[in-house]
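Dumped run.cif below, it's mmCIF, C-alpha atoms:
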```cif
data_input
loop_
_atom_site.label_atom_id
_atom_site.label_comp_id
_atom_site.auth_asym_id
_atom_site.auth_seq_id
_atom_site.Cartn_x
_atom_site.Cartn_y
_atom_site.Cartn_z
CA MET A 79 -13.68 -16.59 -39.78
CA SER A 80 -14.20 -15.37 -36.22
CA GLY A 81 -15.75 -12.03 -35.46
CA ASP A 82 -12.55 -10.78 -33.89
CA ASP A 83 -10.46 -11.27 -37.01
CA VAL A 84 -12.90 -9.26 -39.08
CA ASP A 85 -13.45 -6.61 -36.46
CA LEU A 86 -9.77 -5.76 -36.25
CA THR A 87 -9.43 -2.02 -35.89
CA PRO A 88 -6.88 -0.99 -38.46
CA ALA A 89 -3.62 0.08 -36.83
CA GLU A 90 -4.50 3.66 -37.48
CA GLY A 91 -4.16 6.45 -35.00
CA LYS A 92 -1.32 7.10 -32.62
CA PRO A 93 -0.33 4.53 -29.98
CA ILE A 94 -1.24 6.89 -27.13
CA GLY A 95 -1.90 4.03 -24.73
CA ARG A 96 1.64 2.72 -25.10
CA ARG A 97 3.03 6.23 -24.64
CA ILE A 98 1.05 6.69 -21.43
CA VAL A 99 2.29 3.35 -20.05
CA LEU A 100 5.92 4.08 -20.97
CA GLY A 101 5.57 7.65 -19.71
CA MET A 102 4.28 6.44 -16.37
CA ALA A 103 7.11 3.93 -16.07
CA GLY A 104 9.62 6.70 -16.87
CA ALA A 105 8.01 9.20 -14.52
CA GLY A 106 7.88 6.53 -11.83
CA ALA A 107 11.60 5.83 -12.22
CA VAL A 108 12.47 9.53 -12.05
CA ALA A 109 10.26 9.99 -8.97
CA VAL A 110 11.96 7.02 -7.28
CA VAL A 111 15.36 8.63 -7.82
CA LEU A 112 14.17 12.07 -6.69
CA GLY A 113 11.90 10.57 -4.02
CA LYS A 114 13.97 11.71 -1.06
CA GLN A 115 13.84 15.38 -2.10
CA LEU A 116 10.20 15.10 -3.24
CA THR A 117 9.24 13.60 0.11
CA SER A 118 10.60 16.59 2.01
CA VAL A 119 8.87 18.98 -0.44
CA THR A 120 5.48 17.31 -0.07
CA SER A 121 6.02 16.94 3.65
CA SER A 122 6.63 20.64 4.22
CA ALA A 123 3.90 21.64 1.74
CA VAL A 124 1.24 19.49 3.39
CA GLY A 125 2.55 20.44 6.82
CA ALA A 126 2.17 24.11 6.00
CA VAL A 127 -1.24 23.87 4.36
CA ALA A 128 -3.02 21.23 6.41
CA PRO A 129 -0.98 19.72 9.25
CA GLN A 130 -4.01 17.93 10.67
CA ILE A 131 -4.27 15.66 7.62
CA GLN A 132 -0.54 15.01 7.41
CA SER A 133 -0.90 11.53 8.82
CA VAL A 134 -3.23 10.32 6.06
CA ILE A 135 -1.41 11.93 3.13
CA PRO A 136 1.31 9.65 1.77
CA ALA A 137 4.97 10.12 2.57
CA THR A 138 4.68 13.42 4.35
CA GLY A 139 6.97 12.50 7.19
CA GLY A 140 6.23 12.18 10.86
CA PHE A 141 5.58 9.06 12.86
CA ARG A 142 3.58 6.18 11.57
CA ILE A 143 1.93 4.20 14.29
CA TYR A 144 2.19 0.43 14.14
CA THR A 145 0.56 -2.06 16.43
CA VAL A 146 0.63 -5.85 16.14
CA THR A 147 -2.51 -6.42 18.18
CA ASN A 148 -6.06 -5.20 18.07
CA GLY A 149 -5.78 -1.45 18.70
CA TYR A 150 -3.74 0.32 21.37
CA PRO A 151 -3.64 -1.01 24.93
CA GLU A 152 -4.77 1.49 27.52
CA MET A 153 -3.00 2.18 30.82
CA THR A 154 -3.00 5.07 33.27
CA THR A 155 0.16 6.09 35.10
CA THR A 156 -1.63 5.15 38.35
CA ASP A 157 -2.28 1.59 37.24
CA TYR A 158 1.06 1.18 35.50
CA ARG A 159 3.46 -1.51 36.78
CA LEU A 160 6.89 -2.52 35.52
CA THR A 161 7.93 -6.01 36.57
CA ILE A 162 11.68 -6.59 36.78
CA THR A 163 12.81 -10.21 37.03
CA SER A 164 16.40 -10.69 38.07
CA GLY A 165 17.04 -14.34 38.84
CA ALA A 166 14.78 -15.25 41.73
CA ASN A 167 14.06 -11.63 42.59
CA VAL A 168 10.92 -10.11 41.15
CA THR A 169 10.40 -6.40 41.71
CA THR A 170 7.41 -4.36 40.69
CA LEU A 171 7.89 -0.66 40.04
CA THR A 172 5.15 1.95 39.76
CA PHE A 173 5.30 4.98 37.49
CA ASN A 174 6.29 7.07 40.53
CA ASP A 175 9.07 4.61 41.40
CA LEU A 176 10.52 5.19 37.92
CA ALA A 177 10.23 8.95 38.36
CA ALA A 178 12.20 8.65 41.63
CA LEU A 179 15.17 6.99 39.87
CA PRO A 180 17.92 9.18 38.31
CA GLN A 181 16.51 10.83 35.17
CA THR A 182 18.29 11.10 31.82
CA SER A 183 17.28 13.03 28.71
CA MET A 184 18.40 12.47 25.13
CA THR A 185 17.44 13.78 21.71
CA LYS A 186 17.80 11.20 18.96
CA ASP A 187 16.56 10.48 15.44
CA PHE A 188 13.91 7.78 15.27
CA GLN A 189 14.45 5.45 12.31
CA CYS A 190 11.94 2.81 11.28
CA VAL A 191 13.02 -0.24 9.34
CA THR A 192 10.22 0.46 6.83
CA GLY A 193 11.97 3.66 5.79
CA TRP A 194 10.45 6.59 7.63
CA ARG A 195 12.51 8.61 10.02
CA VAL A 196 11.76 11.39 12.49
CA ASP A 197 14.68 13.65 13.36
CA ASN A 198 15.47 14.98 16.83
CA VAL A 199 12.94 13.34 19.08
CA ALA A 200 13.43 14.36 22.71
CA TRP A 201 13.05 11.54 25.23
CA SER A 202 13.58 11.37 28.96
CA GLY A 203 13.33 8.67 31.57
CA VAL A 204 15.62 6.18 33.27
CA LEU A 205 18.71 4.80 31.55
CA LEU A 206 18.30 1.05 31.16
CA ARG A 207 21.89 0.83 32.42
CA ASP A 208 20.81 2.35 35.75
CA ILE A 209 18.03 -0.23 36.09
CA ILE A 210 20.46 -3.05 35.26
CA THR A 211 22.83 -1.84 37.98
CA ALA A 212 20.13 -1.20 40.58
CA PHE A 213 18.52 -4.62 40.18
CA GLU A 214 21.72 -6.61 39.47
CA LEU A 215 20.36 -7.87 36.16
CA ALA A 216 23.85 -8.41 34.72
CA GLN A 217 24.61 -10.86 37.54
CA ASN A 218 21.57 -12.95 36.60
CA GLY A 219 21.84 -13.25 32.81
CA THR A 220 23.66 -12.29 29.62
CA ALA A 221 20.63 -10.79 27.88
CA LEU A 222 17.36 -9.03 28.63
CA SER A 223 13.93 -9.81 27.33
CA PHE A 224 11.14 -7.25 27.33
CA THR A 225 7.40 -7.67 27.32
CA SER A 226 4.57 -5.31 26.47
CA PHE A 227 1.17 -4.98 28.10
CA ASP A 228 -0.32 -5.26 24.60
CA GLY A 229 0.08 -8.97 25.39
CA ALA A 230 1.90 -9.88 22.17
CA TYR A 231 4.99 -7.79 21.47
CA THR A 232 8.36 -8.85 22.86
CA GLU A 233 11.89 -7.62 22.41
CA SER A 234 15.43 -8.52 23.40
CA LEU A 235 18.87 -6.98 23.86
CA THR A 236 22.21 -8.43 24.83
CA MET A 237 23.43 -7.14 28.19
CA GLU A 238 26.23 -5.28 26.39
CA GLN A 239 23.71 -3.52 24.11
CA ALA A 240 21.46 -2.75 27.06
CA MET A 241 24.32 -1.05 28.92
CA ARG A 242 24.78 1.60 26.20
CA PRO A 243 24.20 5.20 27.22
CA ASP A 244 21.60 5.70 24.46
CA VAL A 245 19.12 3.05 25.63
CA LEU A 246 16.35 4.54 27.73
CA VAL A 247 13.28 3.39 29.62
CA ALA A 248 11.37 6.46 28.53
CA THR A 249 8.59 8.10 30.50
CA SER A 250 8.48 11.35 28.54
CA MET A 251 8.51 12.29 24.87
CA LEU A 252 8.89 15.73 23.29
CA GLY A 253 8.59 17.39 26.70
CA GLY A 254 5.29 15.74 27.69
CA PRO A 255 3.94 12.37 28.68
CA ILE A 256 4.22 9.57 26.11
CA SER A 257 0.82 9.26 24.47
CA GLN A 258 -1.01 5.95 24.25
CA GLU A 259 -0.30 5.54 20.53
CA HIS A 260 3.42 6.22 21.03
CA GLY A 261 3.64 3.46 23.64
CA GLY A 262 2.83 5.36 26.83
CA PRO A 263 3.04 5.64 29.67
CA VAL A 264 6.41 3.80 29.50
CA ARG A 265 8.32 2.50 26.50
CA LEU A 266 11.84 1.49 25.64
CA VAL A 267 13.94 3.66 23.30
CA VAL A 268 16.90 1.87 21.74
CA ALA A 269 18.25 4.85 19.80
CA PRO A 270 21.05 3.16 17.81
CA MET A 271 18.74 0.46 16.47
CA TYR A 272 15.69 0.33 14.19
CA ALA A 273 12.51 1.32 15.93
CA TYR A 274 11.07 -2.18 16.24
CA LYS A 275 13.62 -2.69 19.04
CA SER A 276 12.03 0.18 20.97
CA ILE A 277 9.18 -1.81 22.47
CA LYS A 278 6.05 0.17 23.26
CA TRP A 279 3.83 -0.24 26.34
CA LEU A 280 6.73 -1.79 28.28
CA ASP A 281 5.64 -3.83 31.30
CA GLY A 282 8.41 -6.34 31.92
CA ILE A 283 12.20 -6.60 31.93
CA LYS A 284 13.78 -9.97 32.61
CA ALA A 285 17.36 -11.21 32.76
CA THR A 286 17.75 -14.26 30.52
CA PRO A 287 20.64 -16.69 30.04
CA ALA A 288 20.62 -16.06 26.27
CA VAL A 289 18.96 -13.71 23.77
CA GLU A 290 15.32 -14.63 23.19
CA PRO A 291 14.35 -13.24 19.76
CA GLY A 292 11.46 -10.76 19.87
CA TYR A 293 8.20 -10.48 17.94
CA TRP A 294 9.49 -9.25 14.56
CA GLU A 295 12.77 -11.14 14.97
CA LEU A 296 10.78 -14.39 14.98
CA ARG A 297 9.33 -13.11 11.67
CA GLY A 298 12.61 -12.57 9.88
CA TYR A 299 13.99 -9.27 11.18
CA ASP A 300 17.56 -9.03 12.49
CA THR A 301 18.00 -9.37 16.26
CA ASP A 302 21.01 -7.04 16.24
CA ALA A 303 19.15 -4.22 14.54
CA TRP A 304 21.81 -1.50 14.25
CA VAL A 305 20.63 1.39 12.10
CA GLY A 306 22.46 1.19 8.78
CA LYS A 307 24.10 -2.14 9.55
CA SER A 308 21.24 -4.66 9.61
CA ASN A 309 18.12 -5.81 7.80
CA GLY A 310 19.95 -5.23 4.50
CA ARG A 311 19.76 -1.47 4.98
CA SER A 312 22.42 1.22 4.89
CA ASP A 313 20.72 4.20 6.53
CA ALA A 314 22.89 6.95 7.92
CA PRO A 315 23.45 6.32 11.64
CA VAL A 316 21.00 8.14 13.87
CA VAL A 317 22.18 11.19 15.80
CA MET B 8 -30.98 2.26 -14.18
CA GLY B 9 -32.09 -1.19 -12.93
CA ALA B 10 -31.46 -4.54 -14.52
CA ALA B 11 -31.05 -4.59 -18.26
CA MET B 12 -33.58 -6.56 -20.30
CA PRO B 13 -32.60 -9.97 -21.68
CA LEU B 14 -31.69 -9.72 -25.32
CA SER B 15 -32.46 -11.87 -28.30
CA SER B 16 -29.66 -12.77 -30.68
CA ASP B 17 -30.57 -10.24 -33.38
CA THR B 18 -30.68 -7.24 -31.01
CA ARG B 19 -27.42 -7.88 -29.18
CA LEU B 20 -23.75 -7.79 -29.98
CA ARG B 21 -20.95 -9.83 -28.47
CA ARG B 22 -18.63 -7.46 -26.65
CA PHE B 23 -16.46 -9.63 -24.40
CA THR B 24 -15.54 -13.31 -24.19
CA THR B 25 -15.99 -15.48 -21.12
CA ALA B 26 -12.23 -15.39 -20.58
CA GLU B 27 -12.26 -11.58 -20.54
CA HIS B 28 -15.16 -11.64 -18.06
CA TRP B 29 -13.22 -13.82 -15.61
CA ILE B 30 -9.93 -12.00 -16.06
CA HIS B 31 -11.60 -8.67 -15.37
CA ARG B 32 -13.24 -10.16 -12.30
CA LEU B 33 -9.98 -11.63 -10.95
CA ILE B 34 -8.07 -8.38 -11.45
CA ALA B 35 -10.93 -6.36 -9.91
CA ILE B 36 -11.02 -8.59 -6.81
CA ASP B 37 -7.25 -8.54 -6.42
CA ILE B 38 -6.95 -4.76 -6.77
CA GLY B 39 -10.00 -4.22 -4.55
CA LEU B 40 -8.44 -6.31 -1.78
CA LEU B 41 -5.09 -4.57 -2.29
CA ILE B 42 -6.79 -1.22 -1.70
CA VAL B 43 -8.59 -2.51 1.40
CA THR B 44 -5.48 -4.09 2.96
CA ALA B 45 -3.48 -0.96 2.09
CA ALA B 46 -6.05 1.17 3.89
CA PHE B 47 -5.76 -1.00 7.01
CA LEU B 48 -1.97 -0.69 6.91
CA TYR B 49 -1.80 2.96 6.03
CA ILE B 50 -4.60 5.07 7.45
CA PRO B 51 -3.74 5.64 11.13
CA ASP B 52 -7.37 5.68 12.29
CA LEU B 53 -8.00 2.32 10.62
CA SER B 54 -4.70 0.61 11.44
CA SER B 55 -4.94 1.53 15.09
CA ARG B 56 -8.47 0.17 15.27
CA VAL B 57 -7.79 -3.18 13.63
CA GLY B 58 -4.11 -3.72 14.50
CA ASN B 59 -2.99 -7.21 13.38
CA ARG B 60 -0.31 -5.62 11.28
CA TYR B 61 1.39 -8.89 10.36
CA PHE B 62 -1.80 -10.34 8.86
CA PHE B 63 -2.60 -7.26 6.76
CA LYS B 64 1.00 -6.87 5.68
CA MET B 65 1.31 -10.48 4.47
CA SER B 66 -2.11 -10.33 2.78
CA HIS B 67 -1.12 -7.18 0.93
CA VAL B 68 2.23 -8.65 -0.15
CA ILE B 69 0.66 -11.92 -1.38
CA LEU B 70 -2.12 -10.09 -3.26
CA GLY B 71 0.48 -7.79 -4.82
CA PHE B 72 2.73 -10.57 -6.02
CA ALA B 73 -0.35 -12.42 -7.34
CA LEU B 74 -1.51 -9.50 -9.47
CA PRO B 75 0.63 -10.27 -12.55
CA ILE B 76 -0.92 -13.76 -12.79
CA PRO B 77 -4.33 -12.66 -14.18
CA VAL B 78 -2.60 -9.93 -16.24
CA ILE B 79 -0.24 -12.42 -17.90
CA LEU B 80 -3.09 -14.92 -18.24
CA ALA B 81 -5.10 -12.24 -20.05
CA PHE B 82 -2.46 -11.88 -22.75
CA CYS B 83 -2.80 -15.60 -23.51
CA PHE B 84 -6.22 -14.88 -25.05
CA LEU B 85 -6.48 -13.48 -28.57
CA ALA B 86 -9.68 -11.57 -27.76
CA PHE B 87 -7.86 -9.71 -24.98
CA ARG B 88 -4.84 -8.94 -27.16
CA LEU B 89 -7.11 -7.53 -29.85
CA ASP B 90 -8.87 -5.35 -27.28
CA VAL B 91 -5.52 -4.12 -25.98
CA ARG B 92 -4.64 -3.19 -29.54
CA ARG B 93 -7.89 -1.21 -29.85
CA LEU B 94 -7.30 0.48 -26.49
CA ASN B 95 -3.78 1.47 -27.47
CA ARG B 96 -4.63 3.44 -30.63
CA PHE B 97 -6.13 6.92 -30.53
CA THR B 98 -7.98 7.68 -33.74
CA ARG B 99 -9.24 11.02 -35.04
CA VAL B 100 -12.67 10.13 -33.59
CA ASP B 101 -11.15 9.77 -30.10
CA TRP B 102 -9.70 13.28 -30.15
CA GLU B 103 -13.04 14.61 -31.37
CA TRP B 104 -14.89 12.59 -28.71
CA MET B 105 -12.84 14.20 -25.96
CA ARG B 106 -13.70 17.70 -27.23
CA SER B 107 -17.34 17.04 -28.05
CA LYS B 108 -20.30 17.73 -25.80
CA ASP B 109 -22.62 15.23 -27.52
CA ARG B 110 -20.50 12.14 -27.11
CA ARG B 111 -23.47 9.94 -26.13
CA THR B 112 -25.69 10.67 -29.16
CA GLY B 113 -24.10 8.36 -31.68
CA ARG B 114 -23.00 11.23 -33.93
CA LEU B 115 -19.36 10.12 -33.70
CA ALA B 116 -18.43 6.69 -35.01
CA VAL B 117 -16.74 5.72 -31.75
CA GLY B 118 -14.90 2.40 -31.88
CA LYS B 119 -15.23 -0.47 -29.40
CA PHE B 120 -13.72 1.75 -26.70
CA ASN B 121 -14.08 5.48 -26.27
CA ALA B 122 -11.20 7.79 -25.45
CA GLY B 123 -12.01 7.81 -21.73
CA GLN B 124 -11.88 4.03 -21.58
CA LYS B 125 -8.60 4.08 -23.48
CA LEU B 126 -7.07 6.59 -21.07
CA ASN B 127 -8.31 4.58 -18.08
CA ALA B 128 -6.92 1.33 -19.47
CA ALA B 129 -3.52 2.87 -20.22
CA PHE B 130 -3.33 4.53 -16.81
CA GLN B 131 -4.29 1.36 -14.94
CA PHE B 132 -1.86 -0.78 -16.91
CA GLY B 133 0.97 1.69 -16.28
CA ALA B 134 -0.04 1.96 -12.63
CA ILE B 135 -0.04 -1.83 -12.17
CA ILE B 136 3.51 -2.01 -13.56
CA VAL B 137 4.82 0.86 -11.42
CA MET B 138 3.02 -0.36 -8.28
CA PHE B 139 4.32 -3.90 -8.79
CA VAL B 140 7.93 -2.82 -9.31
CA THR B 141 7.99 -0.33 -6.42
CA GLY B 142 6.13 -2.76 -4.16
CA ALA B 143 8.57 -5.57 -4.98
CA PHE B 144 11.51 -3.32 -4.07
CA LEU B 145 9.83 -2.40 -0.79
CA TRP B 146 9.51 -6.09 0.01
CA PHE B 147 13.04 -7.07 -1.09
CA ASN B 148 14.40 -4.05 0.72
CA GLY B 149 17.96 -5.33 0.91
CA LEU B 150 18.47 -4.60 -2.78
CA VAL B 151 18.47 -0.81 -2.62
CA SER B 152 19.92 2.06 -0.62
CA ILE B 153 17.88 4.03 1.89
CA ASP B 154 17.55 7.04 -0.46
CA LEU B 155 16.14 4.86 -3.25
CA ARG B 156 13.95 3.10 -0.76
CA THR B 157 12.48 6.41 0.32
CA GLY B 158 11.86 7.02 -3.39
CA PHE B 159 10.10 3.69 -3.84
CA THR B 160 7.94 4.45 -0.80
CA PHE B 161 7.13 7.90 -2.19
CA VAL B 162 6.04 6.58 -5.60
CA HIS B 163 4.17 3.57 -4.18
CA ASP B 164 2.25 5.75 -1.70
CA TRP B 165 1.27 8.57 -4.05
CA LEU B 166 0.41 6.36 -6.99
CA ALA B 167 -1.70 4.19 -4.67
CA LEU B 168 -3.72 7.26 -3.77
CA LEU B 169 -4.08 8.33 -7.42
CA MET B 170 -4.93 4.80 -8.53
CA THR B 171 -7.62 4.51 -5.85
CA VAL B 172 -9.22 7.74 -7.06
CA VAL B 173 -9.21 6.47 -10.67
CA VAL B 174 -10.62 3.08 -9.61
CA ILE B 175 -13.43 4.83 -7.74
CA GLY B 176 -14.13 6.91 -10.87
CA HIS B 177 -14.11 3.73 -12.99
CA VAL B 178 -16.57 1.98 -10.66
CA TYR B 179 -18.78 5.08 -10.55
CA LYS B 180 -18.88 5.25 -14.36
CA ALA B 181 -19.75 1.55 -14.54
CA TYR B 182 -22.46 2.01 -11.92
CA ARG B 183 -23.99 4.74 -14.09
CA GLU B 184 -23.88 2.56 -17.21
CA PRO B 185 -25.75 -0.74 -16.66
CA TYR B 186 -25.33 -1.88 -20.28
CA ALA B 187 -21.56 -1.55 -20.06
CA ARG B 188 -21.64 -3.71 -16.93
CA GLN B 189 -23.96 -6.16 -18.68
CA GLY B 190 -21.35 -6.36 -21.44
CA LEU B 191 -18.69 -7.59 -19.03
CA ARG B 192 -21.07 -9.77 -17.02
CA THR B 193 -22.83 -11.58 -19.87
CA GLY B 194 -20.55 -10.82 -22.81
CA PHE B 195 -23.37 -9.13 -24.76
CA VAL B 196 -24.70 -5.58 -25.11
CA PRO B 197 -27.88 -4.27 -26.82
CA ARG B 198 -27.23 -3.17 -30.37
CA ASP B 199 -29.08 0.13 -29.95
CA TRP B 200 -26.95 1.00 -26.92
CA ALA B 201 -23.83 0.16 -28.91
CA MET B 202 -25.09 2.35 -31.80
CA ARG B 203 -25.28 5.30 -29.40
CA GLU B 204 -22.04 4.73 -27.51
CA HIS B 205 -19.83 2.83 -29.94
CA ARG B 206 -21.33 3.34 -33.40
CA GLY B 207 -18.15 2.59 -35.32
CA TRP B 208 -17.76 -0.74 -33.57
CA ALA B 209 -21.49 -1.60 -33.69
CA GLU B 210 -21.62 -1.04 -37.45
CA ALA B 211 -18.51 -3.13 -38.05
CA MET B 212 -19.92 -5.89 -35.84
CA THR B 213 -23.25 -5.83 -37.65
CA ASP B 214 -21.49 -6.32 -40.98
CA THR B 215 -19.46 -9.15 -39.49
CA ALA B 216 -22.50 -10.80 -37.99
CA SER B 217 -24.28 -10.93 -41.33
CA ASP B 218 -21.11 -12.30 -42.96
CA SER B 219 -20.92 -15.00 -40.30
CA ALA B 220 -24.58 -15.80 -40.74
CA LYS B 221 -24.01 -16.41 -44.45
CA GLU B 222 -21.03 -18.59 -43.73
CA GLY B 223 -22.85 -20.44 -40.96
#
```
Translate this file's structure into structure tokens.
Amino acid sequence: MSGDDVDLTPAEGKPIGRRIVLGMAGAGAVAVVLGKQLTSVTSSAVGAVAPQIQSVIPATGGFRIYTVTNGYPEMTTTDYRLTITSGANVTTLTFNDLAALPQTSMTKDFQCVTGWRVDNVAWSGVLLRDIITAFELAQNGTALSFTSFDGAYTESLTMEQAMRPDVLVATSMLGGPISQEHGGPVRLVVAPMYAYKSIKWLDGIKATPAVEPGYWELRGYDTDAWVGKSNGRSDAPVV
Amino acid sequence: MGAAMPLSSDTRLRRFTTAEHWIHRLIAIDIGLLIVTAAFLYIPDLSSRVGNRYFFKMSHVILGFALPIPVILAFCFLAFRLDVRRLNRFTRVDWEWMRSKDRRTGRLAVGKFNAGQKLNAAFQFGAIIVMFVTGAFLWFNGLVSIDLRTGFTFVHDWLALLMTVVVIGHVYKAYREPYARQGLRTGFVPRDWAMREHRGWAEAMTDTASDSAKEG
């Protein structure tokens, strides 16, 4: 006879352990269903009590900062250059060159494919459409590819998508300069698509003969990343 | 504290099997790495410093989907199933133990596990199930609507925080109790320690040991 057989605790006492496990599973399921409301409750509660720790407390809303490389790349507006390749023509714009182009402002929701969303973010800068027209990019390709001075991230848009009036080469966010972590000094904002299309730290725009899938698109994400109509998601469209 | 003394066969009791030792170790490593990779993905100060989001994301996903393997493996062993059965049941002694202020004196005939260990085990088992299910839905995100997905994120995030706090408490308790750690590491604990902390179990084991000796 083994020790374990003899040492069997009689099945006395209440099965509290099982009740805890089942209770947690039940509470978890309820919290999943109510999660959307609970998220806004915790978000406003934490925001009211301790806004400075909001970013490290789970699911309290606001931006989450993602980077695919080692930290955030650093760039001053003085050193900043945007290289535009249109066929054989290569043009380099400074931050001041961008500021001299016609300026457009828009306020749009920012929806990440991982689920978080920030309502009513104010952006301003140059409409990508105006850059396409000024540098005749549409005459030299059917798509655009974008590069980042983080050295790794890339993105793409069809020319038709890039001509939309809600696609901006942004130089300002929420009334101020775009901070380093938000992709400053210049980033793309593709408002109707999930945020991975809005490449941060933009340093290159190139006309290409066909769409060249970007960083996350090579890792399984949809290239046409319409909010609510891609990546298996059905989010409400951004406004 | 310090290292526990080696024990001779008549002053020690077998507390865990070799299988339980390895299963505990596998689960501890997996959950430990899940917490570390989660921190690199989640805490802005850390994620911005290390970047490499794709690596940490895939590591976290693989570790998460691997977690049921040692758990299911554990249930293949009788010794583990018997311990689960002990952990599940709250006896009169457990309720008394929770109220008492002299729980370490051996006055109460505490079984193989005390009420705190039982609560911890139940919480962690429930947490593993909820974290696995919510995590799986976050990975296969095409299966659910955005509202539910927000809910899965909410539960996964908050329970991760709670679970981390409980794990830290668990490690702290183990750090304070070298004989309990010795029990998991070597399989054996000193009988006099067991008489103080788990008298009910120690007495039952002593009876069993003498029975086995006669049989042997």
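Applied to the file shown here, the PyMOL selection byres ((chain B) within 6 of (chain A)) selects Ile50, Ser55, Arg56, Val57, Gly58, Asn59, Arg60, Asn95, Arg96, Phe97, Thr98, Ala129, Gly133, Gly149, Ile153, Asp154, Leu155, Thr157, Gly158, Phe159, Phe161, Asp164 and Trp165 of chain B.
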What gap, in Å, lies between CA of Met202 in chain B and CA of Val178 in chain B? 22.8 Å
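Considering the residues A:Thr220, A:Thr236, A:Thr163, A:Thr185 and counting only C-alpha atoms, Ala269 in chain A has its shortest atom-to-atom contact with A:Thr185.
Considering only C-alpha atoms, the residue among A:Asp197, A:Glu152, A:Asp157, A:Asp300 positioned nearest to Asp228 in chain A is A:Glu152.
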Enumerate, as a PDB file with C-alpha atoms, in the coordinates of the input, the residues matched when the PyMOL selection byres ((chain B and resi 41) around 9) is run on the file above.
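And here's expr-v8.pdb as it stands now:
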```
ATOM      1  CA  ILE B  36     -11.020  -8.590  -6.810  1.00  0.00           C
ATOM      2  CA  ASP B  37      -7.250  -8.540  -6.420  1.00  0.00           C
ATOM      3  CA  ILE B  38      -6.950  -4.760  -6.770  1.00  0.00           C
ATOM      4  CA  GLY B  39     -10.000  -4.220  -4.550  1.00  0.00           C
ATOM      5  CA  LEU B  40      -8.440  -6.310  -1.780  1.00  0.00           C
ATOM      6  CA  ILE B  42      -6.790  -1.220  -1.700  1.00  0.00           C
ATOM      7  CA  VAL B  43      -8.590  -2.510   1.400  1.00  0.00           C
ATOM      8  CA  THR B  44      -5.480  -4.090   2.960  1.00  0.00           C
ATOM      9  CA  ALA B  45      -3.480  -0.960   2.090  1.00  0.00           C
ATOM     10  CA  ALA B  46      -6.050   1.170   3.890  1.00  0.00           C
ATOM     11  CA  SER B  66      -2.110 -10.330   2.780  1.00  0.00           C
ATOM     12  CA  HIS B  67      -1.120  -7.180   0.930  1.00  0.00           C
ATOM     13  CA  VAL B  68       2.230  -8.650  -0.150  1.00  0.00           C
ATOM     14  CA  LEU B  70      -2.120 -10.090  -3.260  1.00  0.00           C
ATOM     15  CA  GLY B  71       0.480  -7.790  -4.820  1.00  0.00           C
TER      16      GLY B  71
END
```
Applying the PyMOL selection byres ((chain A and resi 237) around 9) to the file I just gave you, which residues come out? Please list them as an MDAnalysis selection string. chainID A and resid 210 215:216 219:222 235:236 238:241 285
So that I can see what lies close to Ser234 in chain A, please list as number ranges by chain the residues with an atom at most 7 Å from it, counting only C-alpha atoms and leaving out residues fewer than 4 positions away in the same chain. A: 222-224, 289-292
Need the shell around Pro263 in chain A: protein/DNA/RNA residues with any atom at most 7 Å away, counting all atoms listed in the file. Skip same-chain ones fewer than 4 positions apart. Format as an NGL selection string? :A and (155 or 249 or 255-258 or 279)
For range 186-205 of chain B, what centre and edge lengths in Å (one decimal) does the axis-aligned box get once 3 Å is added on each side of all its listed atoms, as JSON?
```
{"center_x": -23.9, "center_y": -3.1, "center_z": -24.4, "size_x": 16.4, "size_y": 22.9, "size_z": 20.9}
```
Considering all atoms listed in the file, return as an NGL selection string whatever protein or nucleic-acid residues lie within 8 Å of range 21-32 of chain B, sequence-local ones (same chain, fewer than 2 positions apart) excluded. :B and (19 or 34-36 or 77-78 or 80-81 or 84 or 86-87 or 190-196)
Which neighbours of Phe213 in chain A fall inside 12 Å, counting only C-alpha atoms, when residues of the same chain fewer than 2 positions from it are skipped, and could you give them as a PyMOL selection string? chain A and resi 161-171+206-211+215-219+283-285
Please, which residues are within 10 Å of (-20.1, 0.3, -34.0) by the file's coordinates, counting all atoms listed in the file, and could they come as a list of chain:residue names? A:Asp85, B:Leu20, B:Gly113, B:Leu115, B:Ala116, B:Val117, B:Gly118, B:Lys119, B:Phe120, B:Arg198, B:Asp199, B:Trp200, B:Ala201, B:Met202, B:Arg203, B:Glu204, B:His205, B:Arg206, B:Gly207, B:Trp208, B:Ala209, B:Glu210, B:Ala211, B:Met212, B:Thr213, B:Asp214
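Shortest atom-to-atom contact with Val162 in chain B among B:Asp90, B:His177, B:Met138, B:Tyr182: B:Met138, counting only C-alpha atoms.
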Reconstruct range 153-157 of chain A at the level of N, CA and C atoms, and format the result as a tab-separated table (two decimals), in the coordinates of the input.
```tsv
chain	number	residue	atom	x	y	z
A	153	MET	N	-3.58	2.31	29.48
A	153	MET	CA	-3.00	2.18	30.82
A	153	MET	C	-2.79	3.58	31.39
A	154	THR	N	-3.26	3.79	32.61
A	154	THR	CA	-3.00	5.07	33.27
A	154	THR	C	-1.67	4.97	34.02
A	155	THR	N	-1.09	6.12	34.34
A	155	THR	CA	0.16	6.09	35.10
A	155	THR	C	-0.09	5.52	36.51
A	156	THR	N	-1.30	5.68	37.01
A	156	THR	CA	-1.63	5.15	38.35
A	156	THR	C	-1.62	3.62	38.36
A	157	ASP	N	-2.19	3.04	37.29
A	157	ASP	CA	-2.28	1.59	37.24
A	157	ASP	C	-1.00	0.93	36.72
```
